[in-house]
Amino acid sequence: MKRIIQNLFVPAIHVVFIGIIFAATWGVHVAGYAGHAFILFMVLLTVTLLPLFTYLSHRIETQISPVRYMDLYIQTVDSILAIESFDEMIKSIFDQILNCIHVRYGLLLFYYHDRDEYTIFYQKDKRKKVIRRANIENDNILFKVIRGADDVIIKSQMNENIHFERAIIYEIEKLDGEVVIPIYFHDIFLGLIVIGDLKRKLSQREIMLLKAFASKIATLTVNGFFFKEIVKKKELEKEYELALRIQQRFLPTTSLRYGAIHINVHHQSRSLRSREFFDMFVNQGDSDDVRISSFHMLGSLALVSLHMPSVQSLLQSYARMHLSPLQCIKKLQKTIRDKEIMDEDLSVCHAMITQGGEMQVSCHNYYSPWVYTGKKVKRLKKVQSKENTNEKLRLKEGDMVIMGCRPFMEYLDEKSGEFLELLKKKESQSIEKITRGLVDMMPIDSTDDAFDNLLIVLRVEG
């Protein structure tokens, strides 16, 4: 409302000013003090003073109500929102140009690099059916003869007696066209403008106008592509943040102390499609039983965020039924398969350990854990966990079990001697410091961005 009043202010002042001059002039004329020459003089004076009056009124208005940056920002946003899309803008401008050069028929044909196909984007005068399908063959001769933005094809200038040019004329006529203007963004070919139904020969200025429009189309198309990419990136970021919030709600804390069992976890999200998850809990079905799970999932963030709680809750439910790790994994696979929860085969490692140090481990398509024995003979060895088996271990005070994702376990396999020396030095330290030391052993370039970082360290303490 405020802007409407401001827009009406200057015209209203003009009307009042002219009305005062007219009334004063007419009054003097009626009183007999001046003749027709005076009236003419006052009209000329009014026309002369009107621009000055406009300038002064504008200056007064800016002093009374100065323009704020926020107002300019709102006007800019309103203008942007008024543009429904870059596509609609291109169609609207194309229609205006055709009207300007008095042409009723035109065609915009775009090349989509991601699909490697040519498609009719827009056709003016829809009564004409150019082709039954919008797609045009990639080997069309029009695309072969055009090598740059200046390669304008005019049918009337071609010779039908030359075989090569006759083939070009034939393709132009299939599109009901007479003039073809290429669309280029620098050296990138984006499509064609086809003009037809000409009543006269196009002038050089009109062709230059069409070439300028082709250049603007190229700029708008590229800007529209980057705009869509930015929007897509923002949507992906929002999806990623939402997925992380969902996952954080279901993931346990990174530390668990229950009796003699101490567990510490290092978990870092790095991948968008390949995720590592973990779970550790005291089995509610058996208070002497602590469970540890690590599993690897593939898929989009949104899909994985839905599947992760399902897998987690199923494993916890099966553990309460006093099932062994192998039985839990088999029952989990059967449920996923029967209910069609996931398309991909789940990679999982599930373990249970009692307060007495008795441990069972079962892995399916997952890296086997390593065991460090911390008594007389200090060793670091890999658990030979086979598919569809329950590996049983007997852990003593000071012994540790290391589980983790592919980059960690592969590097541990390669540098087991160095990791053994590290564990010997740090075995008297807290499990948090041991975990930190193992993570620091990993070189930066070996942490694969295609995987999350996951390292689980379990130690039996007195």
# chains A, B, ... in the order shown; residues from 1 in each chain; ligands from 1
>>> residues_around(residues="Asp176 (chain A)", least_positions_apart="2", cutoff="12 Å", atoms="only C-alpha atoms", output="MDAnalysis selection string")
chainID A and resid 104:107 123:125 128:131 155 169:174 178:180 194:198
>>> select_by_dssp(residues="region 317-397 of chain A", states="helix (DSSP H, G or I)", output="number ranges by chain")
A: 317-320, 325-339
>>> residues_around(residues="Phe94 (chain A)", least_positions_apart="2", cutoff="10 Å", atoms="only C-alpha atoms", output="ChimeraX atom specification")
/A:88-92,96-100,106-108,122-124,193,210,213-214,217
>>> closest_residue(among="A:Asp151, A:Glu241, A:Glu160, A:Asp343", to="Ile207 (chain A)", atoms="only C-alpha atoms")
A:Asp151
>>> residues_around(residues="Leu192 (chain A)", least_positions_apart="3", cutoff="6 Å", atoms="only C-alpha atoms", output="ChimeraX atom specification")
/A:109,181-183
>>> write_last_selection(atoms="N, CA and C atoms", output="compact mmCIF listing (two decimals), in the first residue's frame")
# COMPACT_ATOMS: atom_id res chain seq x y z
N LEU A 109 14.78 -26.28 -31.16
CA LEU A 109 15.23 -27.67 -31.05
C LEU A 109 16.49 -27.69 -30.19
N ILE A 181 19.16 -21.30 -37.46
CA ILE A 181 20.21 -20.57 -36.71
C ILE A 181 20.70 -21.47 -35.58
N PRO A 182 21.99 -21.75 -35.50
CA PRO A 182 22.51 -22.62 -34.43
C PRO A 182 22.57 -21.89 -33.09
N ILE A 183 22.48 -22.65 -32.02
CA ILE A 183 22.60 -22.13 -30.66
C ILE A 183 23.86 -22.69 -30.04
>>> residues_around(residues="region 306-322 of chain A", least_positions_apart="5", cutoff="10 Å", atoms="only C-alpha atoms", output="PyMOL selection string")
chain A and resi 243+246-247+249-251+275-286+289-297+299+301+327-329+331-333+335-336+341-342+346+348+350+352
>>> select_by_dssp(residues="region 163-412 of chain A", states="strand (DSSP E or B)", output="number ranges by chain")
A: 179-185, 188-196, 255-258, 261-268, 274-282, 289-298, 347-354, 358-364, 370-373, 379-382, 391-394, 400-404
>>> atom_distance(atom1="CA of Leu220 (chain A)", atom2="CA of Tyr184 (chain A)")
11.5 Å
